[in-house]
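Just final_4.cif here, mmCIF, C-alpha atoms:
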```
data_target
loop_
_atom_site.group_PDB
_atom_site.id
_atom_site.type_symbol
_atom_site.label_atom_id
_atom_site.label_comp_id
_atom_site.auth_asym_id
_atom_site.auth_seq_id
_atom_site.Cartn_x
_atom_site.Cartn_y
_atom_site.Cartn_z
ATOM 1 C CA MET V 22 17.165 -5.196 -4.237
ATOM 2 C CA ARG V 23 13.552 -4.191 -4.673
ATOM 3 C CA LYS V 24 11.843 -1.556 -2.574
ATOM 4 C CA LEU V 25 8.673 -2.241 -0.622
ATOM 5 C CA VAL V 26 6.413 0.796 -0.961
ATOM 6 C CA ILE V 27 3.242 1.149 1.082
ATOM 7 C CA SER V 28 0.558 3.373 -0.389
ATOM 8 C CA THR V 29 -2.220 4.146 2.014
ATOM 9 C CA TYR V 30 -4.931 6.699 2.622
ATOM 10 C CA MET V 31 -5.283 8.669 5.820
ATOM 11 C CA THR V 32 -7.526 11.433 7.093
ATOM 12 C CA LEU V 33 -6.259 14.404 9.122
ATOM 13 C CA ASP V 34 -7.222 12.612 12.314
ATOM 14 C CA GLY V 35 -5.081 9.568 11.401
ATOM 15 C CA VAL V 36 -7.841 7.238 10.194
ATOM 16 C CA MET V 37 -7.021 4.848 7.358
ATOM 17 C CA GLU V 38 -9.835 4.954 4.854
ATOM 18 C CA ALA V 39 -10.307 3.843 1.272
ATOM 19 C CA PRO V 40 -10.659 6.548 -1.383
ATOM 20 C CA GLU V 41 -14.245 5.571 -2.167
ATOM 21 C CA LYS V 42 -15.149 7.316 1.101
ATOM 22 C CA TRP V 43 -13.511 10.480 -0.199
ATOM 23 C CA GLU V 44 -15.517 13.132 -1.969
ATOM 24 C CA ARG V 45 -12.284 14.500 -3.422
ATOM 25 C CA TRP V 46 -11.092 11.529 -5.585
ATOM 26 C CA SER V 47 -10.295 12.853 -9.065
ATOM 27 C CA ASP V 48 -8.701 12.111 -12.431
ATOM 28 C CA GLU V 49 -5.559 13.743 -11.045
ATOM 29 C CA HIS V 50 -5.432 11.138 -8.254
ATOM 30 C CA GLU V 51 -6.060 8.388 -10.787
ATOM 31 C CA ARG V 52 -3.054 9.501 -12.886
ATOM 32 C CA TYR V 53 -0.779 9.518 -9.832
ATOM 33 C CA ALA V 54 -2.014 6.062 -8.801
ATOM 34 C CA TRP V 55 -1.386 4.826 -12.359
ATOM 35 C CA GLU V 56 2.220 6.085 -12.295
ATOM 36 C CA GLN V 57 2.703 4.364 -8.939
ATOM 37 C CA LEU V 58 1.320 1.118 -10.355
ATOM 38 C CA LEU V 59 3.535 1.312 -13.466
ATOM 39 C CA ALA V 60 6.621 1.628 -11.228
ATOM 40 C CA SER V 61 5.697 -1.697 -9.580
ATOM 41 C CA ASP V 62 5.925 -5.261 -10.767
ATOM 42 C CA ALA V 63 4.289 -6.991 -7.790
ATOM 43 C CA LEU V 64 1.510 -6.333 -5.294
ATOM 44 C CA LEU V 65 1.567 -7.343 -1.643
ATOM 45 C CA MET V 66 -1.560 -7.297 0.492
ATOM 46 C CA GLY V 67 -3.194 -8.637 3.587
ATOM 47 C CA ARG V 68 -6.137 -11.019 3.393
ATOM 48 C CA LYS V 69 -8.889 -8.408 3.861
ATOM 49 C CA VAL V 70 -7.561 -6.093 1.143
ATOM 50 C CA TYR V 71 -6.992 -9.122 -1.085
ATOM 51 C CA GLU V 72 -10.604 -10.244 -0.698
ATOM 52 C CA ILE V 73 -11.925 -6.771 -1.561
ATOM 53 C CA PHE V 74 -9.624 -6.453 -4.559
ATOM 54 C CA ALA V 75 -10.238 -10.024 -5.797
ATOM 55 C CA ARG V 76 -13.997 -9.351 -5.852
ATOM 56 C CA SER V 77 -13.581 -6.054 -7.667
ATOM 57 C CA TRP V 78 -10.631 -5.901 -10.066
ATOM 58 C CA PRO V 79 -11.235 -8.970 -12.277
ATOM 59 C CA SER V 80 -14.552 -7.511 -13.490
ATOM 60 C CA ARG V 81 -13.207 -4.008 -14.213
ATOM 61 C CA ASP V 82 -12.133 -2.661 -17.587
ATOM 62 C CA GLY V 83 -9.329 -0.334 -18.615
ATOM 63 C CA GLU V 84 -5.552 -0.155 -18.429
ATOM 64 C CA PHE V 85 -5.418 0.164 -14.645
ATOM 65 C CA ALA V 86 -7.543 -2.965 -14.178
ATOM 66 C CA GLU V 87 -5.549 -4.873 -16.781
ATOM 67 C CA ARG V 88 -2.319 -4.076 -14.950
ATOM 68 C CA MET V 89 -3.791 -4.920 -11.523
ATOM 69 C CA ASN V 90 -5.027 -8.251 -12.825
ATOM 70 C CA ALA V 91 -1.792 -9.121 -14.656
ATOM 71 C CA LEU V 92 0.734 -8.296 -11.921
ATOM 72 C CA PRO V 93 2.011 -11.029 -9.601
ATOM 73 C CA LYS V 94 0.174 -10.699 -6.309
ATOM 74 C CA PHE V 95 1.170 -11.949 -2.871
ATOM 75 C CA VAL V 96 -1.453 -12.220 -0.160
ATOM 76 C CA VAL V 97 -0.492 -12.728 3.475
ATOM 77 C CA SER V 98 -2.989 -14.944 5.247
ATOM 78 C CA SER V 99 -3.033 -17.506 8.017
ATOM 79 C CA THR V 100 -6.497 -18.722 6.981
ATOM 80 C CA ARG V 101 -6.330 -18.917 3.164
ATOM 81 C CA GLU V 102 -4.705 -21.924 1.538
ATOM 82 C CA ALA V 103 -5.342 -20.853 -2.041
ATOM 83 C CA ALA V 104 -6.163 -17.715 -3.966
ATOM 84 C CA ASP V 105 -8.526 -17.514 -6.915
ATOM 85 C CA TRP V 106 -7.389 -14.162 -8.372
ATOM 86 C CA ASN V 107 -4.924 -14.903 -11.173
ATOM 87 C CA ASN V 108 -1.179 -14.646 -10.492
ATOM 88 C CA THR V 109 -1.685 -14.736 -6.718
ATOM 89 C CA THR V 110 0.531 -16.568 -4.246
ATOM 90 C CA VAL V 111 -0.466 -17.051 -0.599
ATOM 91 C CA ILE V 112 2.177 -16.328 2.034
ATOM 92 C CA SER V 113 1.295 -18.076 5.286
ATOM 93 C CA GLY V 114 4.546 -18.987 6.996
ATOM 94 C CA ASP V 115 7.190 -16.642 8.350
ATOM 95 C CA VAL V 116 5.858 -13.443 6.782
ATOM 96 C CA PRO V 117 8.892 -11.194 7.430
ATOM 97 C CA GLU V 118 11.235 -13.860 6.039
ATOM 98 C CA GLU V 119 9.081 -14.402 2.924
ATOM 99 C CA VAL V 120 8.757 -10.661 2.261
ATOM 100 C CA ALA V 121 12.524 -10.244 2.707
ATOM 101 C CA LYS V 122 13.010 -12.956 0.049
ATOM 102 C CA LEU V 123 10.645 -11.116 -2.317
ATOM 103 C CA LYS V 124 12.641 -7.937 -1.814
ATOM 104 C CA GLN V 125 15.876 -9.764 -2.725
ATOM 105 C CA GLN V 126 14.526 -10.713 -6.157
ATOM 106 C CA PRO V 127 15.346 -8.473 -9.118
ATOM 107 C CA GLY V 128 12.647 -6.181 -10.412
ATOM 108 C CA GLN V 129 10.712 -3.007 -9.794
ATOM 109 C CA GLN V 130 9.154 -1.967 -6.506
ATOM 110 C CA ILE V 131 6.658 -4.080 -4.605
ATOM 111 C CA LEU V 132 3.520 -2.039 -3.977
ATOM 112 C CA MET V 133 1.320 -2.626 -0.961
ATOM 113 C CA TYR V 134 -2.048 -0.945 -0.551
ATOM 114 C CA ALA V 135 -3.261 -0.296 3.005
ATOM 115 C CA SER V 136 -3.302 -3.593 4.981
ATOM 116 C CA GLY V 137 -2.667 -1.960 8.365
ATOM 117 C CA ASP V 138 -1.829 -5.056 10.401
ATOM 118 C CA LEU V 139 0.576 -6.308 7.747
ATOM 119 C CA MET V 140 2.135 -2.843 7.497
ATOM 120 C CA HIS V 141 2.783 -2.852 11.254
ATOM 121 C CA THR V 142 4.419 -6.291 11.100
ATOM 122 C CA LEU V 143 6.660 -5.302 8.196
ATOM 123 C CA THR V 144 7.520 -1.984 9.875
ATOM 124 C CA GLN V 145 8.573 -3.792 13.063
ATOM 125 C CA HIS V 146 10.959 -5.920 10.992
ATOM 126 C CA GLY V 147 12.459 -2.983 9.081
ATOM 127 C CA LEU V 148 11.120 -4.173 5.725
ATOM 128 C CA VAL V 149 9.278 -1.036 4.591
ATOM 129 C CA ASP V 150 11.364 1.192 2.328
ATOM 130 C CA GLU V 151 8.809 3.922 1.731
ATOM 131 C CA TYR V 152 5.444 5.029 3.063
ATOM 132 C CA ARG V 153 3.254 7.026 0.661
ATOM 133 C CA ILE V 154 0.521 8.512 2.775
ATOM 134 C CA TRP V 155 -2.340 10.095 0.856
ATOM 135 C CA LEU V 156 -3.457 12.709 3.388
ATOM 136 C CA ASN V 157 -7.076 13.724 2.877
ATOM 137 C CA PRO V 158 -8.239 17.022 4.450
ATOM 138 C CA LEU V 159 -11.097 15.240 6.168
ATOM 139 C CA VAL V 160 -11.792 14.385 9.808
ATOM 140 C CA LEU V 161 -13.818 11.210 10.371
ATOM 141 C CA GLY V 162 -13.614 11.110 14.170
ATOM 142 C CA ALA V 163 -13.437 7.327 14.372
ATOM 143 C CA GLY V 164 -11.934 4.399 12.540
ATOM 144 C CA LYS V 165 -8.811 2.294 12.276
ATOM 145 C CA ARG V 166 -5.686 4.389 12.866
ATOM 146 C CA LEU V 167 -2.722 4.255 10.530
ATOM 147 C CA PHE V 168 -0.381 3.885 13.507
ATOM 148 C CA PRO V 169 -2.444 2.690 16.482
ATOM 149 C CA GLU V 170 -1.724 3.499 20.087
ATOM 150 C CA GLY V 171 1.159 1.395 21.357
ATOM 151 C CA THR V 172 3.166 1.567 18.116
ATOM 152 C CA ASP V 173 6.892 1.890 18.810
ATOM 153 C CA GLN V 174 8.467 5.185 17.836
ATOM 154 C CA ILE V 175 9.443 5.328 14.174
ATOM 155 C CA THR V 176 11.718 8.046 12.839
ATOM 156 C CA LEU V 177 11.025 8.876 9.205
ATOM 157 C CA LYS V 178 12.376 11.420 6.751
ATOM 158 C CA LEU V 179 10.241 13.203 4.192
ATOM 159 C CA VAL V 180 11.524 12.419 0.675
ATOM 160 C CA ASP V 181 8.753 13.783 -1.541
ATOM 161 C CA THR V 182 5.399 15.518 -1.558
ATOM 162 C CA HIS V 183 2.744 15.675 -4.229
ATOM 163 C CA THR V 184 -0.122 18.119 -3.866
ATOM 164 C CA PHE V 185 -3.401 17.784 -5.732
ATOM 165 C CA GLY V 186 -5.864 20.549 -6.538
ATOM 166 C CA THR V 187 -8.355 18.782 -4.261
ATOM 167 C CA GLY V 188 -6.244 19.478 -1.172
ATOM 168 C CA VAL V 189 -5.062 15.872 -0.905
ATOM 169 C CA ILE V 190 -1.300 15.612 -0.361
ATOM 170 C CA VAL V 191 0.822 12.497 -0.843
ATOM 171 C CA LEU V 192 3.586 12.538 1.748
ATOM 172 C CA SER V 193 6.404 10.106 0.943
ATOM 173 C CA TYR V 194 8.569 9.039 3.859
ATOM 174 C CA GLN V 195 11.493 6.659 4.207
ATOM 175 C CA PRO V 196 12.973 5.279 7.408
ATOM 176 C CA ALA V 197 15.574 7.681 8.777
ATOM 177 C CA ALA V 198 19.164 6.494 8.248
ATOM 178 C CA GLU V 199 19.864 5.985 11.946
ATOM 179 C CA GLN V 200 16.793 3.768 12.266
ATOM 180 C CA ALA V 201 17.509 1.826 9.060
ATOM 181 C CA GLU V 202 20.966 0.887 10.399
ATOM 182 C CA THR V 203 19.674 -0.691 13.632
#
```
Now, as a test, write the supplied structure out as structure tokens.
Amino acid sequence: MRKLVISTYMTLDGVMEAPEKWERWSDEHERYAWEQLLASDALLMGRKVYEIFARSWPSRDGEFAERMNALPKFVVSSTREAADWNNTTVISGDVPEEVAKLKQQPGQQILMYASGDLMHTLTQHGLVDEYRIWLNPLVLGAGKRLFPEGTDQITLKLVDTHTFGTGVIVLSYQPAAEQAET
């Protein structure tokens, strides 16, 4: 069974933000992101992230872009009927059921970048195997929260940390065993 890994960025005050807003993005971060991408053989994303990526990645050069463009991609959307970025399939029906089917297929991990609303849906259905939270030592004061108010309690266990010279820390969490069994 494949693992669903969510990789997302967060500031100290809990705001989800893309790394282009960070002053601290470095070659060191790029290498870590590359290793994460190499360990994956599919990408899962919500419609908004898909639209940003589909505008950006096809025109980029380099190994990272080649891999992003070549991987099978699954976009969850209730409004899109088709996707124009190569190797992309639209998931529009029962999202938890479709993602569970993807996880049952053989292969490497499924990597999901950000996509907060989708992350919350998949979390509620116990489909997330690992959260990789890139914690940036920055306070923005406002923005979309990683776990918004009203989120049910989630018990996680820390399984790995990776610290960068920039002060950014990747905190890797998995659902705690007692929660995973419910």
Selected residue, from V:Ser193, V:Thr187, V:Thr109, V:Asn90, that lies nearest to Ser47 of chain V when counting only C-alpha atoms |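 Distance minimum relative to Ser47 of chain V lands on V:Thr187.
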Residue with smallest distance to Thr176 of chain V - pool V:Pro196, V:Gly35, V:Pro79, V:Gly114, counting all atoms listed in the file =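 With all atoms listed in the file as the atom set, the closest residue is V:Pro196.
Here the PyMOL selection byres ((chain V and resi 92) around 10) matches the residues Leu58, Ser61, Asp62, Ala63, Leu64, Glu87, Arg88, Met89, Asn90, Ala91, Pro93, Lys94, Phe95, Asn107, Asn108 and Thr109 of chain V.
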Applied to this file, what does the PyMOL selection byres ((chain V and resi 177) around 9) return in terms of residues, put as a list in words?
-> Ile175, Thr176, Lys178, Leu179, Tyr194, Gln195, Pro196, Ala197, Ala198 and Gln200 of chain V
Resolved residues for the PyMOL selection byres ((chain V and resi 97) around 6) as a PyMOL selection string = chain V and resi 67-68+96+98+111-113
Between V:Val180, V:Leu59, V:Met22, V:Leu156, single out the one closest to Leu123 of chain V, counting all atoms listed in the file.
->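 The closest residue to Leu123 of chain V is V:Met22.
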Find the residues near Tyr53 of chain V: any atom within 10 Å, counting all atoms listed in the file, skip ones fewer than 4 places away on the same chain, and give them as a VMD selection string.
-> chain V and resid 48 to 49 57 to 59 183 185 191
Atom CA of Ser80 of chain V to atom CA of Ser136 of chain V: how many Å, to one decimal?
->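 Computing the Euclidean distance for atom CA of Ser80 of chain V and atom CA of Ser136 of chain V yields 22.0 Å.
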Atomic separation - atom CA of Met140 of chain V relative to atom CA of Ala163 of chain V, Å |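 Atom-to-atom, atom CA of Ala163 of chain V to atom CA of Met140 of chain V, that is 19.8 Å.
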Report the distance between atom CA of Ala104 of chain V and atom CA of Ala75 of chain V in Å, rounded to one decimal place.
->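 Between atom CA of Ala104 of chain V and atom CA of Ala75 of chain V the gap is 8.9 Å.
Residues in contact with Gln145 of chain V at up to 10 Å, not including ones fewer than 6 positions away on its chain and judged by all atoms listed in the file, are Pro117, Leu139, Thr172, Asp173 and Ile175 of chain V.
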Of the residues V:Ile131, V:Ile73, V:Val36, V:Ala54, which is the one nearest to Phe85 of chain V, using all atoms listed in the file?
->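 Residue with the minimum atom-to-atom distance to Phe85 of chain V: V:Ala54.
Checking V:Glu102, V:Glu118, V:Glu72, V:Asp181 one by one against Gly147 of chain V, counting all atoms listed in the file, you find the shortest gap at V:Glu118.
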Residue with smallest distance to Met66 of chain V - pool V:Asp138, V:Asp115, V:Asp105, V:Glu51, counting only C-alpha atoms = V:Asp138
Counting all atoms listed in the file, what is within 12 Å of Lys165 of chain V, bar same-chain residues fewer than 2 positions away, as a list in words?
->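 The contact residues come out as Tyr30, Met31, Thr32, Asp34, Gly35, Val36, Met37, Glu38, Ala39, Ala135, Ser136, Gly137, Asp138, Leu161, Gly162, Ala163, Leu167, Phe168, Pro169 and Glu170 of chain V.
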Kindly output segment 124-147 of chain V as a CSV table (one decimal), in the frame of the given file, after building N, CA and C atoms.
```
chain,number,residue,atom,x,y,z
V,124,LYS,N,11.9,-9.2,-1.6
V,124,LYS,CA,12.6,-7.9,-1.8
V,124,LYS,C,14.0,-8.2,-2.4
V,125,GLN,N,14.6,-9.4,-2.2
V,125,GLN,CA,15.9,-9.8,-2.7
V,125,GLN,C,15.8,-10.1,-4.2
V,126,GLN,N,14.7,-10.4,-4.7
V,126,GLN,CA,14.5,-10.7,-6.2
V,126,GLN,C,14.7,-9.5,-7.0
V,127,PRO,N,15.2,-9.6,-8.2
V,127,PRO,CA,15.3,-8.5,-9.1
V,127,PRO,C,14.0,-8.0,-9.6
V,128,GLY,N,13.9,-6.7,-9.9
V,128,GLY,CA,12.6,-6.2,-10.4
V,128,GLY,C,12.4,-4.8,-9.9
V,129,GLN,N,11.2,-4.3,-10.2
V,129,GLN,CA,10.7,-3.0,-9.8
V,129,GLN,C,10.3,-3.1,-8.3
V,130,GLN,N,9.6,-2.0,-7.9
V,130,GLN,CA,9.2,-2.0,-6.5
V,130,GLN,C,8.0,-2.9,-6.3
V,131,ILE,N,7.8,-3.3,-5.0
V,131,ILE,CA,6.7,-4.1,-4.6
V,131,ILE,C,5.7,-3.1,-4.0
V,132,LEU,N,4.5,-3.0,-4.5
V,132,LEU,CA,3.5,-2.0,-4.0
V,132,LEU,C,2.5,-2.7,-3.1
V,133,MET,N,2.3,-2.1,-1.9
V,133,MET,CA,1.3,-2.6,-1.0
V,133,MET,C,0.3,-1.5,-0.7
V,134,TYR,N,-1.0,-1.9,-0.9
V,134,TYR,CA,-2.0,-0.9,-0.6
V,134,TYR,C,-2.6,-1.2,0.9
V,135,ALA,N,-2.6,-0.2,1.7
V,135,ALA,CA,-3.3,-0.3,3.0
V,135,ALA,C,-2.8,-1.5,3.8
V,136,SER,N,-3.7,-2.4,4.2
V,136,SER,CA,-3.3,-3.6,5.0
V,136,SER,C,-2.6,-3.2,6.3
V,137,GLY,N,-3.3,-2.5,7.2
V,137,GLY,CA,-2.7,-2.0,8.4
V,137,GLY,C,-1.9,-2.9,9.2
V,138,ASP,N,-2.5,-4.1,9.5
V,138,ASP,CA,-1.8,-5.1,10.4
V,138,ASP,C,-0.5,-5.6,9.8
V,139,LEU,N,-0.6,-5.9,8.5
V,139,LEU,CA,0.6,-6.3,7.7
V,139,LEU,C,1.6,-5.2,7.7
V,140,MET,N,1.2,-4.0,7.5
V,140,MET,CA,2.1,-2.8,7.5
V,140,MET,C,2.9,-2.8,8.8
V,141,HIS,N,2.2,-2.9,9.9
V,141,HIS,CA,2.8,-2.9,11.3
V,141,HIS,C,3.8,-4.0,11.4
V,142,THR,N,3.5,-5.2,11.0
V,142,THR,CA,4.4,-6.3,11.1
V,142,THR,C,5.7,-6.0,10.3
V,143,LEU,N,5.5,-5.6,9.1
V,143,LEU,CA,6.7,-5.3,8.2
V,143,LEU,C,7.5,-4.1,8.7
V,144,THR,N,6.8,-3.1,9.3
V,144,THR,CA,7.5,-2.0,9.9
V,144,THR,C,8.4,-2.4,11.0
V,145,GLN,N,7.8,-3.3,11.9
V,145,GLN,CA,8.6,-3.8,13.1
V,145,GLN,C,9.8,-4.5,12.7
V,146,HIS,N,9.8,-5.1,11.5
V,146,HIS,CA,11.0,-5.9,11.0
V,146,HIS,C,11.9,-5.1,10.0
V,147,GLY,N,11.6,-3.8,9.9
V,147,GLY,CA,12.5,-3.0,9.1
V,147,GLY,C,12.4,-3.3,7.6
```
